[in-house]
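> Sharing structure.tsv (TSV, C-alpha atoms) below.
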```
chain	number	residue	atom	x	y	z
A	1	MET	CA	7.19	18.55	-16.13
A	2	ASP	CA	3.59	19.40	-16.94
A	3	GLY	CA	0.24	17.63	-16.92
A	4	ARG	CA	0.68	16.21	-20.39
A	5	SER	CA	4.06	14.71	-19.50
A	6	VAL	CA	2.53	13.00	-16.47
A	7	LEU	CA	-0.26	11.52	-18.58
A	8	GLU	CA	2.29	10.24	-21.09
A	9	ARG	CA	4.10	8.48	-18.26
A	10	CYS	CA	0.83	6.94	-17.08
A	11	ASP	CA	0.30	5.73	-20.65
A	12	LEU	CA	3.70	4.04	-20.60
A	13	LEU	CA	2.95	2.36	-17.27
A	14	ALA	CA	-0.31	1.09	-18.77
A	15	THR	CA	1.79	-1.08	-21.10
A	16	CYS	CA	3.17	-2.86	-18.03
A	17	THR	CA	0.49	-5.49	-17.71
A	18	GLU	CA	0.00	-9.23	-17.35
A	19	GLU	CA	-2.96	-9.25	-19.74
A	20	PRO	CA	-2.50	-7.79	-23.23
A	21	GLY	CA	-5.28	-5.40	-24.12
A	22	ARG	CA	-6.12	-4.45	-20.54
A	23	ILE	CA	-4.27	-3.21	-17.47
A	24	THR	CA	-3.65	-5.88	-14.84
A	25	ARG	CA	-0.54	-5.23	-12.75
A	26	PRO	CA	-0.38	-7.41	-9.62
A	27	PHE	CA	2.05	-7.34	-6.74
A	28	ALA	CA	5.54	-8.80	-7.36
A	29	SER	CA	4.78	-9.67	-10.99
A	30	ASP	CA	6.80	-9.31	-14.19
A	31	ALA	CA	4.45	-6.45	-15.09
A	32	MET	CA	5.41	-4.68	-11.86
A	33	ARG	CA	9.09	-5.32	-12.54
A	34	HIS	CA	8.66	-3.66	-15.93
A	35	ALA	CA	6.88	-0.68	-14.30
A	36	HIS	CA	9.71	-0.31	-11.79
A	37	GLN	CA	12.23	0.06	-14.60
A	38	TYR	CA	10.37	3.12	-15.88
A	39	VAL	CA	9.65	4.62	-12.46
A	40	GLU	CA	13.18	4.21	-11.09
A	41	ASP	CA	14.54	5.95	-14.19
A	42	TRP	CA	12.11	8.87	-13.75
A	43	MET	CA	12.99	9.13	-10.05
A	44	ARG	CA	16.69	9.41	-10.85
A	45	GLN	CA	16.02	11.97	-13.60
A	46	ALA	CA	14.38	14.07	-10.88
A	47	GLY	CA	17.60	14.08	-8.87
A	48	MET	CA	16.58	11.40	-6.40
A	49	THR	CA	18.39	8.32	-5.18
A	50	ALA	CA	16.17	5.26	-5.57
A	51	ARG	CA	16.02	1.89	-3.84
A	52	ARG	CA	13.60	-1.00	-3.46
A	53	ASP	CA	12.76	-2.54	-0.09
A	54	ASN	CA	11.99	-6.18	0.70
A	55	ILE	CA	8.22	-6.02	0.16
A	56	GLY	CA	8.82	-4.33	-3.21
A	57	ASN	CA	8.15	-0.63	-2.50
A	58	LEU	CA	10.24	1.90	-4.40
A	59	HIS	CA	11.74	4.66	-2.23
A	60	ALA	CA	13.25	7.76	-3.85
A	61	ARG	CA	14.87	10.52	-1.81
A	62	TYR	CA	15.54	14.15	-2.70
A	63	GLU	CA	17.80	15.57	-0.02
A	64	GLY	CA	17.10	18.83	1.75
A	65	SER	CA	19.16	21.16	3.90
A	66	GLY	CA	17.66	19.74	7.10
A	67	ASP	CA	17.24	16.30	8.60
A	68	ALA	CA	13.42	16.11	8.56
A	69	THR	CA	11.58	14.19	5.82
A	70	LEU	CA	8.26	14.70	4.08
A	71	LEU	CA	6.73	11.63	2.43
A	72	LEU	CA	4.82	11.71	-0.86
A	73	GLY	CA	3.37	8.66	-2.57
A	74	SER	CA	0.74	6.27	-3.83
A	75	HIS	CA	0.66	2.75	-5.27
A	76	LEU	CA	1.71	1.18	-8.59
A	77	ASP	CA	-0.36	-2.03	-8.52
A	78	SER	CA	-3.82	-2.29	-10.06
A	79	VAL	CA	-7.07	-4.17	-9.98
A	80	ARG	CA	-7.88	-6.48	-12.89
A	81	ASP	CA	-8.83	-4.63	-16.10
A	82	ALA	CA	-7.99	-1.32	-14.43
A	83	GLY	CA	-7.83	2.29	-15.43
A	84	ARG	CA	-4.42	3.89	-15.77
A	85	TYR	CA	-4.57	6.59	-13.09
A	86	ASP	CA	-5.72	4.97	-9.83
A	87	GLY	CA	-2.42	4.91	-7.91
A	88	PRO	CA	0.20	5.68	-10.56
A	89	LEU	CA	-1.06	9.24	-11.06
A	90	GLY	CA	-0.13	10.09	-7.47
A	91	VAL	CA	3.38	8.69	-7.89
A	92	MET	CA	3.86	10.56	-11.18
A	93	VAL	CA	2.63	13.89	-9.75
A	94	ALA	CA	4.97	13.49	-6.77
A	95	ILE	CA	7.94	12.83	-9.07
A	96	ALA	CA	6.94	15.81	-11.24
A	97	ALA	CA	6.89	18.13	-8.22
A	98	VAL	CA	10.38	16.98	-7.21
A	99	GLN	CA	11.55	17.28	-10.83
A	100	ARG	CA	10.62	20.96	-10.77
A	101	LEU	CA	12.69	21.47	-7.63
A	102	HIS	CA	15.63	19.66	-9.20
A	103	ASP	CA	15.41	21.58	-12.49
A	104	ALA	CA	15.34	24.86	-10.56
A	105	GLY	CA	18.32	23.78	-8.44
A	106	LYS	CA	16.16	24.32	-5.36
A	107	GLN	CA	16.64	22.65	-2.01
A	108	LEU	CA	14.01	22.60	0.73
A	109	PRO	CA	14.77	22.70	4.47
A	110	PHE	CA	13.64	19.07	4.60
A	111	ALA	CA	14.12	15.99	2.43
A	112	VAL	CA	11.32	14.69	0.22
A	113	GLU	CA	10.89	10.93	-0.08
A	114	VAL	CA	8.60	9.54	-2.79
A	115	LEU	CA	7.08	6.13	-2.05
A	116	ALA	CA	5.71	3.95	-4.85
A	117	PHE	CA	3.88	1.26	-2.92
A	118	ALA	CA	4.06	-2.34	-4.12
A	119	ASP	CA	0.49	-3.37	-3.33
A	120	GLU	CA	-2.61	-1.50	-2.23
A	121	GLU	CA	-5.36	-3.28	-4.15
A	122	GLY	CA	-4.65	-6.85	-2.99
A	123	LEU	CA	-5.29	-8.36	-6.45
A	124	ARG	CA	-2.79	-11.21	-6.32
A	125	PHE	CA	-3.02	-12.46	-2.72
A	126	GLY	CA	-6.22	-10.87	-1.43
A	127	SER	CA	-4.37	-8.96	1.29
A	128	THR	CA	-4.55	-5.20	0.79
A	129	TYR	CA	-2.06	-2.44	1.70
A	130	LEU	CA	0.97	-4.75	1.73
A	131	GLY	CA	3.31	-1.88	0.84
A	132	SER	CA	2.14	0.75	3.29
A	133	ARG	CA	1.61	-1.83	6.04
A	134	ALA	CA	5.27	-2.82	5.72
A	135	VAL	CA	6.41	0.82	5.99
A	136	ALA	CA	4.11	1.39	8.98
A	137	GLY	CA	5.44	-1.74	10.69
A	138	ARG	CA	2.08	-3.45	10.42
A	139	PHE	CA	2.92	-6.25	7.99
A	140	ASP	CA	1.56	-9.60	9.20
A	141	PRO	CA	4.11	-12.39	8.58
A	142	ARG	CA	1.22	-14.85	8.31
A	143	ASP	CA	0.39	-13.21	4.97
A	144	LEU	CA	3.55	-14.79	3.55
A	145	GLU	CA	1.71	-18.12	3.61
A	146	ARG	CA	-1.06	-16.88	1.31
A	147	THR	CA	-1.06	-18.35	-2.19
A	148	ASP	CA	-2.15	-16.86	-5.49
A	149	SER	CA	-4.35	-18.47	-8.14
A	150	ARG	CA	-1.35	-20.48	-9.42
A	151	GLY	CA	-0.45	-21.81	-5.98
A	152	VAL	CA	2.58	-19.54	-5.55
A	153	ALA	CA	3.09	-18.50	-1.92
A	154	MET	CA	3.63	-14.83	-1.15
A	155	ALA	CA	7.02	-15.64	0.39
A	156	GLU	CA	8.11	-17.19	-2.93
A	157	ALA	CA	6.80	-14.20	-4.89
A	158	VAL	CA	8.67	-11.72	-2.66
A	159	GLN	CA	11.91	-13.67	-3.05
A	160	ALA	CA	11.52	-13.99	-6.83
A	161	PHE	CA	10.99	-10.21	-7.00
A	162	GLY	CA	14.29	-9.61	-5.23
A	163	GLY	CA	13.19	-9.19	-1.62
A	164	ASP	CA	13.93	-11.21	1.49
A	165	PRO	CA	10.67	-12.39	3.12
A	166	SER	CA	12.41	-12.81	6.48
A	167	LYS	CA	13.49	-9.14	6.47
A	168	ILE	CA	10.21	-7.39	5.64
A	169	GLY	CA	10.16	-6.17	9.25
A	170	GLU	CA	13.20	-4.07	8.33
A	171	ASP	CA	11.07	-2.15	5.79
A	172	ARG	CA	9.45	-0.30	8.69
A	173	TRP	CA	10.14	3.44	8.77
A	174	SER	CA	13.08	3.74	11.14
A	175	GLY	CA	14.00	7.41	10.96
A	176	ASP	CA	12.60	10.32	12.95
A	177	ARG	CA	8.86	10.87	12.69
A	178	PRO	CA	8.22	12.24	9.17
A	179	LEU	CA	6.83	15.76	8.75
A	180	GLY	CA	3.82	14.20	7.05
A	181	TYR	CA	2.57	12.02	4.22
A	182	ILE	CA	0.79	13.53	1.22
A	183	GLU	CA	-0.98	11.46	-1.42
A	184	VAL	CA	-2.37	12.73	-4.71
A	185	HIS	CA	-5.13	10.50	-6.09
A	186	ILE	CA	-7.99	10.59	-8.56
A	187	GLU	CA	-11.24	11.24	-6.72
A	188	GLN	CA	-12.94	8.00	-7.83
A	189	GLY	CA	-16.22	9.85	-7.40
A	190	PRO	CA	-18.26	12.62	-9.10
A	191	VAL	CA	-18.22	15.39	-6.47
A	192	LEU	CA	-15.44	17.57	-7.90
A	193	GLU	CA	-16.87	17.23	-11.40
A	194	SER	CA	-20.29	18.33	-10.14
A	195	LEU	CA	-18.68	21.37	-8.50
A	196	GLY	CA	-16.64	22.21	-11.61
A	197	LEU	CA	-13.36	22.02	-9.67
A	198	PRO	CA	-10.08	20.41	-10.80
A	199	VAL	CA	-8.86	19.43	-7.32
A	200	GLY	CA	-10.10	19.11	-3.75
A	201	VAL	CA	-8.68	18.37	-0.31
A	202	VAL	CA	-9.65	15.14	1.43
A	203	SER	CA	-11.13	15.63	4.89
A	204	ALA	CA	-11.18	11.96	5.95
A	205	ILE	CA	-10.87	8.44	4.60
A	206	ALA	CA	-14.11	6.63	5.34
A	207	GLY	CA	-14.31	3.78	7.78
A	208	GLN	CA	-15.55	0.47	6.39
A	209	SER	CA	-17.43	-2.56	7.71
A	210	ARG	CA	-17.77	-5.73	5.63
A	211	PHE	CA	-19.94	-8.77	6.28
A	212	GLU	CA	-20.84	-12.07	4.63
A	213	ILE	CA	-24.56	-12.75	5.05
A	214	THR	CA	-26.37	-16.00	4.23
A	215	PHE	CA	-30.13	-16.49	4.01
A	216	THR	CA	-31.02	-20.19	4.12
A	217	GLY	CA	-34.45	-21.54	3.20
A	218	GLU	CA	-35.43	-24.73	1.44
A	219	ALA	CA	-34.92	-25.65	-2.19
A	220	GLY	CA	-37.95	-27.13	-3.91
A	221	HIS	CA	-39.62	-27.75	-7.25
A	222	ALA	CA	-40.57	-24.50	-8.94
A	223	GLY	CA	-43.78	-26.01	-10.27
A	224	THR	CA	-45.13	-27.99	-7.32
A	225	VAL	CA	-44.52	-26.06	-4.09
A	226	PRO	CA	-47.36	-23.60	-3.37
A	227	MET	CA	-46.31	-19.98	-2.97
A	228	ALA	CA	-47.64	-19.81	0.60
A	229	GLN	CA	-45.44	-22.74	1.68
A	230	ARG	CA	-42.18	-21.65	0.13
A	231	ARG	CA	-39.01	-20.76	2.03
A	232	ASP	CA	-37.42	-18.83	-0.82
A	233	ALA	CA	-34.02	-17.53	0.27
A	234	LEU	CA	-33.73	-15.22	-2.73
A	235	VAL	CA	-36.94	-13.38	-1.85
A	236	GLY	CA	-35.60	-12.68	1.63
A	237	ALA	CA	-32.24	-11.57	0.24
A	238	SER	CA	-33.98	-9.31	-2.29
A	239	ILE	CA	-35.92	-7.54	0.45
A	240	PHE	CA	-32.64	-7.02	2.30
A	241	VAL	CA	-30.88	-5.62	-0.79
A	242	GLU	CA	-33.69	-3.10	-1.20
A	243	ALA	CA	-33.26	-2.09	2.45
A	244	VAL	CA	-29.53	-1.56	1.88
A	245	ASP	CA	-30.32	0.70	-1.06
A	246	ALA	CA	-32.48	2.85	1.24
A	247	VAL	CA	-29.26	4.01	2.91
A	248	ARG	CA	-29.11	6.58	0.09
A	249	GLU	CA	-31.36	8.77	2.25
A	250	ASN	CA	-28.36	9.46	4.53
A	251	PRO	CA	-25.74	11.59	2.71
A	252	ASP	CA	-23.03	10.52	5.16
A	253	LEU	CA	-23.32	6.82	4.33
A	254	VAL	CA	-22.85	4.43	1.44
A	255	ALA	CA	-23.78	0.75	1.54
A	256	THR	CA	-23.35	-1.89	-1.13
A	257	VAL	CA	-24.29	-5.49	-1.83
A	258	GLY	CA	-21.58	-6.18	-4.37
A	259	ARG	CA	-21.74	-9.96	-4.60
A	260	LEU	CA	-24.69	-12.34	-4.46
A	261	SER	CA	-24.71	-16.09	-5.14
A	262	VAL	CA	-27.85	-18.23	-5.41
A	263	ARG	CA	-27.95	-21.96	-4.75
A	264	PRO	CA	-28.74	-24.30	-6.32
A	265	GLY	CA	-29.07	-21.74	-9.13
A	266	ALA	CA	-31.36	-23.64	-11.48
A	267	ALA	CA	-34.26	-22.09	-13.41
A	268	ASN	CA	-36.78	-24.68	-12.16
A	269	VAL	CA	-35.68	-24.82	-8.49
A	270	ILE	CA	-36.72	-22.52	-5.63
A	271	PRO	CA	-33.54	-20.88	-4.25
A	272	GLY	CA	-32.59	-22.63	-1.03
A	273	GLU	CA	-29.60	-20.48	-0.08
A	274	VAL	CA	-28.32	-17.03	-0.92
A	275	ASN	CA	-24.94	-15.71	0.15
A	276	LEU	CA	-24.23	-12.00	-0.23
A	277	SER	CA	-21.67	-9.38	0.75
A	278	LEU	CA	-22.44	-6.18	2.64
A	279	ASP	CA	-20.08	-3.20	2.57
A	280	VAL	CA	-20.92	-0.10	4.68
A	281	ARG	CA	-18.77	3.04	4.70
A	282	SER	CA	-18.85	6.47	6.31
A	283	PRO	CA	-16.33	9.15	7.33
A	284	ASP	CA	-18.05	9.06	10.74
A	285	ASP	CA	-17.52	5.83	12.68
A	286	GLU	CA	-20.56	6.20	14.92
A	287	THR	CA	-22.82	6.72	11.92
A	288	ARG	CA	-21.38	3.60	10.27
A	289	GLU	CA	-21.68	1.47	13.38
A	290	VAL	CA	-25.30	2.50	14.01
A	291	GLU	CA	-26.25	1.74	10.40
A	292	CYS	CA	-24.55	-1.67	10.50
A	293	GLU	CA	-26.47	-2.55	13.65
A	294	HIS	CA	-29.71	-1.41	11.99
A	295	LEU	CA	-29.13	-3.38	8.78
A	296	LEU	CA	-28.15	-6.60	10.57
A	297	LYS	CA	-31.19	-6.33	12.86
A	298	LEU	CA	-33.34	-5.81	9.78
A	299	ALA	CA	-31.82	-8.90	8.14
A	300	GLY	CA	-32.87	-10.91	11.20
A	301	GLU	CA	-36.41	-9.56	11.03
A	302	ILE	CA	-36.65	-10.44	7.33
A	303	ALA	CA	-35.41	-13.97	8.03
A	304	ARG	CA	-38.03	-14.47	10.74
A	305	ARG	CA	-40.87	-13.14	8.58
A	306	ARG	CA	-39.87	-15.35	5.63
A	307	ASN	CA	-39.15	-18.45	7.79
A	308	LEU	CA	-35.48	-18.43	6.87
A	309	GLU	CA	-32.26	-19.01	8.77
A	310	LEU	CA	-29.71	-16.21	8.89
A	311	THR	CA	-25.93	-16.38	9.27
A	312	VAL	CA	-23.82	-13.22	9.60
A	313	SER	CA	-20.02	-13.37	9.48
A	314	PRO	CA	-17.99	-10.17	10.01
A	315	VAL	CA	-15.20	-9.97	7.42
A	316	SER	CA	-13.36	-6.78	8.29
A	317	GLU	CA	-13.74	-3.46	10.04
A	318	ARG	CA	-11.61	-0.38	9.55
A	319	PRO	CA	-12.18	2.89	11.40
A	320	ALA	CA	-12.29	6.20	9.59
A	321	VAL	CA	-9.00	8.06	9.30
A	322	GLY	CA	-9.16	11.81	9.56
A	323	CYS	CA	-6.64	13.83	7.61
A	324	SER	CA	-4.42	16.17	9.62
A	325	PRO	CA	-5.99	19.63	10.19
A	326	ARG	CA	-2.54	21.12	9.59
A	327	MET	CA	-2.07	19.32	6.27
A	328	ILE	CA	-5.63	20.15	5.22
A	329	ALA	CA	-5.06	23.84	5.98
A	330	LEU	CA	-1.82	23.96	3.97
A	331	LEU	CA	-3.37	22.17	0.99
A	332	LEU	CA	-6.41	24.48	1.05
A	333	LYS	CA	-4.07	27.47	1.12
A	334	ALA	CA	-2.04	26.00	-1.74
A	335	ILE	CA	-5.20	25.72	-3.84
A	336	GLY	CA	-6.45	29.17	-2.96
A	337	GLU	CA	-9.90	30.71	-3.34
A	338	GLY	CA	-12.77	28.28	-3.82
A	339	ALA	CA	-10.92	25.28	-2.37
A	340	VAL	CA	-13.18	22.57	-0.96
A	341	GLU	CA	-12.90	19.58	1.34
A	342	VAL	CA	-14.40	16.23	0.34
A	343	PRO	CA	-14.41	12.86	2.12
A	344	SER	CA	-12.98	9.74	0.50
A	345	GLY	CA	-15.16	6.66	0.40
A	346	ALA	CA	-12.31	4.55	-0.97
A	347	GLY	CA	-9.39	3.17	1.02
A	348	HIS	CA	-5.87	4.53	0.48
A	349	ASP	CA	-2.33	3.89	1.67
A	350	GLY	CA	-2.79	6.90	3.93
A	351	VAL	CA	-4.81	4.62	6.24
A	352	TYR	CA	-1.60	2.94	7.44
A	353	MET	CA	0.71	5.88	6.91
A	354	SER	CA	-1.41	7.77	9.46
A	355	GLU	CA	0.08	5.46	12.10
A	356	ILE	CA	3.53	6.96	11.65
A	357	THR	CA	2.78	10.60	10.73
A	358	GLU	CA	0.17	13.22	9.84
A	359	ILE	CA	-1.50	12.62	6.48
A	360	GLY	CA	-3.06	14.78	3.81
A	361	MET	CA	-4.62	13.94	0.46
A	362	LEU	CA	-5.28	15.89	-2.71
A	363	PHE	CA	-8.01	14.61	-5.04
A	364	VAL	CA	-7.92	15.21	-8.79
A	365	ARG	CA	-11.21	15.36	-10.70
A	366	CYS	CA	-11.98	12.29	-12.81
A	367	LYS	CA	-14.52	12.12	-15.60
A	368	GLY	CA	-17.88	10.78	-14.45
A	369	GLY	CA	-16.33	9.67	-11.18
A	370	ILE	CA	-15.41	6.42	-12.93
A	371	SER	CA	-12.59	4.34	-11.45
A	372	HIS	CA	-11.42	0.71	-11.34
A	373	ASN	CA	-12.45	0.74	-14.97
A	374	PRO	CA	-10.61	1.22	-18.30
A	375	ALA	CA	-12.75	4.34	-18.81
A	376	GLU	CA	-10.91	6.11	-15.97
A	377	SER	CA	-10.05	9.59	-17.28
A	378	VAL	CA	-8.38	12.80	-16.13
A	379	THR	CA	-7.31	15.86	-18.10
A	380	ALA	CA	-3.80	17.25	-18.56
A	381	GLY	CA	-5.09	20.60	-17.29
A	382	ASP	CA	-6.33	19.15	-14.02
A	383	VAL	CA	-3.10	17.23	-13.52
A	384	ALA	CA	-1.14	20.44	-14.12
A	385	VAL	CA	-3.18	22.09	-11.37
A	386	ALA	CA	-2.34	19.18	-9.04
A	387	ILE	CA	1.40	19.55	-9.73
A	388	ASP	CA	1.18	23.29	-9.08
A	389	VAL	CA	-0.75	22.79	-5.84
A	390	LEU	CA	1.72	20.19	-4.58
A	391	GLY	CA	4.59	22.54	-5.43
A	392	ARG	CA	2.95	25.41	-3.52
A	393	PHE	CA	2.28	23.05	-0.61
A	394	LEU	CA	5.99	22.19	-0.45
A	395	GLN	CA	6.85	25.89	-0.41
A	396	LEU	CA	4.30	26.67	2.32
A	397	LEU	CA	5.61	23.83	4.45
A	398	ALA	CA	9.15	25.09	3.92
A	399	GLU	CA	8.11	28.57	5.05
A	400	GLU	CA	6.71	27.16	8.27
```
Now, as a test, write the supplied structure out as structure tokens.


Amino acid sequence: MDGRSVLERCDLLATCTEEPGRITRPFASDAMRHAHQYVEDWMRQAGMTARRDNIGNLHARYEGSGDATLLLGSHLDSVRDAGRYDGPLGVMVAIAAVQRLHDAGKQLPFAVEVLAFADEEGLRFGSTYLGSRAVAGRFDPRDLERTDSRGVAMAEAVQAFGGDPSKIGEDRWSGDRPLGYIEVHIEQGPVLESLGLPVGVVSAIAGQSRFEITFTGEAGHAGTVPMAQRRDALVGASIFVEAVDAVRENPDLVATVGRLSVRPGAANVIPGEVNLSLDVRSPDDETREVECEHLLKLAGEIARRRNLELTVSPVSERPAVGCSPRMIALLLKAIGEGAVEVPSGAGHDGVYMSEITEIGMLFVRCKGGISHNPAESVTAGDVAVAIDVLGRFLQLLAEE
């Protein structure tokens, strides 16, 4: 197995889609079923026994001479109109590393289990990390009541895919505490490319705070209400968006207004209400919390100055997850001279896997830092480096 072989497998998985002409592979879909057929076959070729749990994760095990288990993995689902490497690349690199062990007739002093998670993106039911939450014992049974755009309940989808919704609790990791969990993933950012490096070690997965914010003013005729008497909600929201962009002055923070809706949304009507999303992330929780407090206070000040009403609704909050110092050290050693640590601003299955074991992550350079986009691109050479690094990591862990 080499980098080119892995990319060819990612190309094949890209054909497993619900929408011809673009990659859309939701949880528990026919497209995912098709992908599983390929992946299970590749797992068995690598000398592993494969099974599927109730939530729809694929588990493949390569036995070792000891009882301990190291977990490797990533996810197989996608966003809508996705690239072909976000998620699947990590699963393919993990299988490739095990394939090399199998081809060499080599056994480690621990078993290696590859996890291909059923859902990380949350495309179909709007509930992220279904696969890793189930393994971590954090699946919420209330999610089974969620329905997709066609009115199909998650419980129905799980059953149609071959799982038993009432037994998802049994998907929880039940063995001894794993040695660790390692995930290979495209960087989804431009840092490694700017440094001219093929791979990097993740220091932490950023914490995230999300809010829904509504500025409410008064709709009115665009031609008859004097400027001085207007309560234009869009003006207030625009000032706030500019303030969010000013976060760029802090290198340890990112903040985004990714969605904005204007009502009534007519060309000749003053906007009476604007609803927007706010997403704030940082690898340091205190930094994130302080910035959120600052931005929400600022939103209130803008509303008062513009004679608007303000509503803030917290949507979700997730603390930062630091990668294990031990796993970081081994991955850095596996890379060798010039290895760097970089934080991850995106969420990963490692967030929940950290609740059952130490985690580590290896980033692979992606062109332009583009992700969640058909233009997602990695090179065979960089993927080959990732396979080599993962192989050396396995050897270093074995030597410990």

> Report the distance between CA of Arg61 in chain A and CA of Gln107 in chain A in Å, rounded to one decimal place.

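Between these atoms lies a distance of 12.3 Å.
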
> For range 343-347 of chain A, find every residue with an atom within 6 Å (counting only C-alpha atoms), except residues of its own chain fewer than 6 positions away, and show them as a list of chain:residue names.

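The residues satisfying every condition are A:Val202, A:Ser203, A:Ala204, A:Ile205, A:Ala206.
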
> Quick one: of A:Cys16, A:Ala118, A:Ala155, A:Ala60, who's nearest to Ala35 in chain A, counting all atoms listed in the file?

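Residue with the minimum atom-to-atom distance to Ala35 in chain A: A:Cys16.
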
> Using only C-alpha atoms, which residues of range 199-219 of chain A come within 8 Å of range 227-233 of chain A, and what is the closest atom pair for each, with the distance in Å to one decimal? Give it as a tab-separated table, sorted by chain and residue number.


```
residue	atom	partner	partner_atom	distance
A:Phe215	CA	A:Ala233	CA	5.5
A:Thr216	CA	A:Ala233	CA	5.6
A:Gly217	CA	A:Arg231	CA	4.8
A:Glu218	CA	A:Arg231	CA	5.4
A:Ala219	CA	A:Asp232	CA	7.4
```

> Got a sec: who's within 10 Å of range 348-352 of chain A, counting all atoms listed in the file, leaving out chain neighbours fewer than 2 positions off, as number ranges by chain?

A: 73-75, 87, 117, 119-121, 128-138, 181-183, 185, 204-207, 318-323, 344-346, 354-361

> Go through A:Asn307, A:Ser324, A:Gln99, A:Ser282 one by one, measure the shortest atom-to-atom distance of each to Asn250 in chain A using only C-alpha atoms, and give the residue with the smallest value.

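For Asn250 in chain A, the nearest of the candidates is A:Ser282.
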
> List the residues sitting within 9 Å of (-21.6, -13.2, -0.5) in the file's frame, using all atoms listed in the file, as a ChimeraX atom specification.

/A:211-214,257-261,274-278

> Record the distance separating CA of Met353 in chain A and CA of Gly90 in chain A, expressed in Å with one decimal.

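That distance, rounded to one decimal, is 15.0 Å.
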
> My list of candidates is A:Glu376, A:Asp103, A:Asp279, A:Glu273. Which is closest to Gln45 in chain A when distances are computed with all atoms listed in the file?

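For Gln45 in chain A, the nearest of the given residues is A:Asp103.
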
> Could you please determine the separation between CA of Val340 in chain A and CA of Val383 in chain A in Å, to one decimal place?

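Interatomic distance here is 17.0 Å.
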
> Tell me which residues come within 12 Å of (4.0, 23.7, -1.4), as a PyMOL selection string, counting only C-alpha atoms in the file's coordinates.

chain A and resi 70+94+97-98+100-101+108+112+182+327+329-336+386-400

> Counting all atoms listed in the file, which residue out of A:Met92, A:Leu115, A:Met48, A:Val152 sits closest to Gly64 in chain A?

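When distances to Gly64 in chain A are compared using all atoms listed in the file, the smallest one comes from A:Met48.
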
> Find the residue from A:Glu291, A:Asp11, A:Asp86, A:Asp30 that sits nearest to Ser209 in chain A; use all atoms listed in the file when measuring.

A:Glu291

> When you look at range 139-150 of chain A with a cut-off of 8 Å (counting all atoms listed in the file), what residues show up, excluding the ones that are within fewer than 6 positions of it in the same chain? I need them as a short mmCIF file (atom, residue, chain, number, x, y, z; two decimals) with C-alpha atoms, in the frame of the given file.


```
data_model
loop_
_atom_site.label_atom_id
_atom_site.label_comp_id
_atom_site.auth_asym_id
_atom_site.auth_seq_id
_atom_site.Cartn_x
_atom_site.Cartn_y
_atom_site.Cartn_z
CA ARG A 124 -2.79 -11.21 -6.32
CA PHE A 125 -3.02 -12.46 -2.72
CA SER A 127 -4.37 -8.96 1.29
CA LEU A 130 0.97 -4.75 1.73
CA ARG A 133 1.61 -1.83 6.04
CA PRO A 165 10.67 -12.39 3.12
CA ILE A 168 10.21 -7.39 5.64
CA GLY A 169 10.16 -6.17 9.25
#
```
